[in-house]
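Student: There's a structure below that I have some questions on.
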Amino acid sequence: MKVLAIINQKGGVGKTTSCANLGAALALQGHQVLLVDLDPQAHLSISFDRMPEPDEPSVYTMLTGEHGFEDVMQPTGTDGLWIAPTNLDLTGAESELANEIGREGLLRTALQKLARSEQAPDLVILDCPPSLGTLSLNALVASDFVVIPLQAEFFALQGMAQLLDVLERVKQRLNPSIELAGVLVGLFSQQRNLSREVVQELTHHFGDLVFPIQVRVNVRLAEAPSHGQTIFEYAPDSSAADQFRELASELATRMELTQDPAAKAAPETQAPTPAPATAPPMQEHEAE
Ligand SMILES: Nc1ncnc2c1ncn2[C@@H]1O[C@H](COP(=O)(O)OP(=O)(O)OP(=O)(O)O)[C@@H](O)[C@H]1O
Ligand SMILES: [Mg+2]
């Protein structure tokens, strides 16, 4: 079981959108994926229409020790894709956990227990809040990999030095095996020269760590959550769906996820490999 944190303390850069759609793409490619909503705004939970009632098991009650992942995780409308949802109770977690000894390791402990259980997925993806507090620290301590999404705009790199510094300190003191899997441009505007300049600057700083595929601004991505759907349910033929499929494949390679999870699911059958389910890419107008 591998754990990936999608993190950037900057708000509105595409963390939740990437989490939902990369997770869905990887599930559709045959992986068992669990999404964990670590953001008290609960956007990920709301976008899957899974926000728990205050007294129901949630990421909050999991962090406070009342429940384990097995109580909290729920299936979504996509086969192989699960969510551990949260509700607004998580808002109190930062202050409530402030005096807890070992508070930064609570999520890691719960995930280690999940990894030993029958429900263990192949991959856990953590949707972090737009801050670098206890919740984000829990994510970094529990993760094998980190993806930093950002928007291709003038202030894209602002705050990045601080984030990289936190990542480095976590690596040195708490989680030596954590690794940056990539920097993802999650909101790229094709019409703007500035977007291209920002990608060039990012490539200058991060080299090959910048994913070669950008997610372009596409209104379908903003609409899908309001229908409780991923892009693959809402607009499977859109260019946004194609971009997330390609990104997911690249991410699976970078994280060395099992190459052929479908074979793992049905090892005894020797059925001929069907043609890929993806339709040939269609020309499509970006709905910006
Ligand atoms: N490629 C895209 N095209 C169009 N809209 C997008 C795209 N990516 C994200 N959005 C929209 O932009 C807004 C911010 O995205 P998202 O919620 O994924 O960012 P976030 O980093 O998780 O934000 P927060 O920091 O508040 O958690 C949302 O309304 C989302 O639907
Ligand atoms: Mg978010």
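Labels used: A, B, ... for chains in the order of the structure tokens, numbers from 1 for residues in each chain, and numbers from 1 for ligands as shown.
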List as a PyMOL selection string the protein and nucleic acid residues lying within 7 Å of ligand 1, with only C-alpha atoms and all ligand atoms counted.

Tutor: chain A and resi 9-18+39+43+129-130+186-188+215-223

Student: Can you tell me which residues surround range 191-206 of chain A at a distance of at most 7 Å, considering only C-alpha atoms, apart from same-chain residues fewer than 4 positions away, and format the answer as a ChimeraX atom specification?

Tutor: /A:152-153,210

Student: What does the distance between CA of Pro57 in chain A and CA of Val72 in chain A come to in Å, to one decimal place?

Tutor: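 So the answer is 5.2 Å.
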
Student: Using only C-alpha atoms, determine which residues lie at most 9 Å from Leu135 in chain A, disregarding the query and same-chain residues fewer than 4 positions distant; provide the list as a PyMOL selection string.

Tutor: chain A and resi 38-39+93-94+104+107+128-129+131+139-140

Student: Limited to C-alpha atoms, could you put the picked residues into a file as a PDB file, in the first residue's frame?

Tutor:
```
ATOM      1  CA  LEU A  38      -7.972  15.817   5.221  1.00  0.00           C
ATOM      2  CA  ASP A  39      -9.468  19.239   4.559  1.00  0.00           C
ATOM      3  CA  ALA A  93      -8.783  19.054  14.986  1.00  0.00           C
ATOM      4  CA  GLU A  94      -5.849  21.461  14.649  1.00  0.00           C
ATOM      5  CA  GLU A 104       1.796  14.319  13.732  1.00  0.00           C
ATOM      6  CA  LEU A 107      -2.704   9.309  10.446  1.00  0.00           C
ATOM      7  CA  CYS A 128      -4.636  18.244   2.082  1.00  0.00           C
ATOM      8  CA  PRO A 129      -6.064  21.539   3.335  1.00  0.00           C
ATOM      9  CA  SER A 131      -2.403  25.295   5.186  1.00  0.00           C
ATOM     10  CA  ALA A 139      -0.188  13.801   5.654  1.00  0.00           C
ATOM     11  CA  LEU A 140       3.551  14.314   5.079  1.00  0.00           C
TER      12      LEU A 140
END
```

Student: Leaving out range 117-124 of chain A and any residue of its chain fewer than 4 positions from it, which residues lie within 7 Å of it when counting only C-alpha atoms, given as a PyMOL selection string?

Tutor: chain A and resi 1-4+31-35+113

Student: Restricting it to C-alpha atoms, dump the selection as an mmCIF file, in the first residue's frame.

Tutor:
```cif
data_model
loop_
_atom_site.group_PDB
_atom_site.id
_atom_site.type_symbol
_atom_site.label_atom_id
_atom_site.label_comp_id
_atom_site.auth_asym_id
_atom_site.auth_seq_id
_atom_site.Cartn_x
_atom_site.Cartn_y
_atom_site.Cartn_z
ATOM 1 C CA MET A 1 0.000 0.000 0.000
ATOM 2 C CA LYS A 2 1.508 3.301 -1.105
ATOM 3 C CA VAL A 3 0.485 6.692 0.207
ATOM 4 C CA LEU A 4 0.474 9.912 -1.815
ATOM 5 C CA HIS A 31 -5.913 -0.105 -8.979
ATOM 6 C CA GLN A 32 -7.699 -0.135 -5.623
ATOM 7 C CA VAL A 33 -7.610 3.476 -4.468
ATOM 8 C CA LEU A 34 -8.671 5.147 -1.235
ATOM 9 C CA LEU A 35 -9.097 8.930 -1.161
ATOM 10 C CA LYS A 113 -3.256 -0.592 10.589
#
```
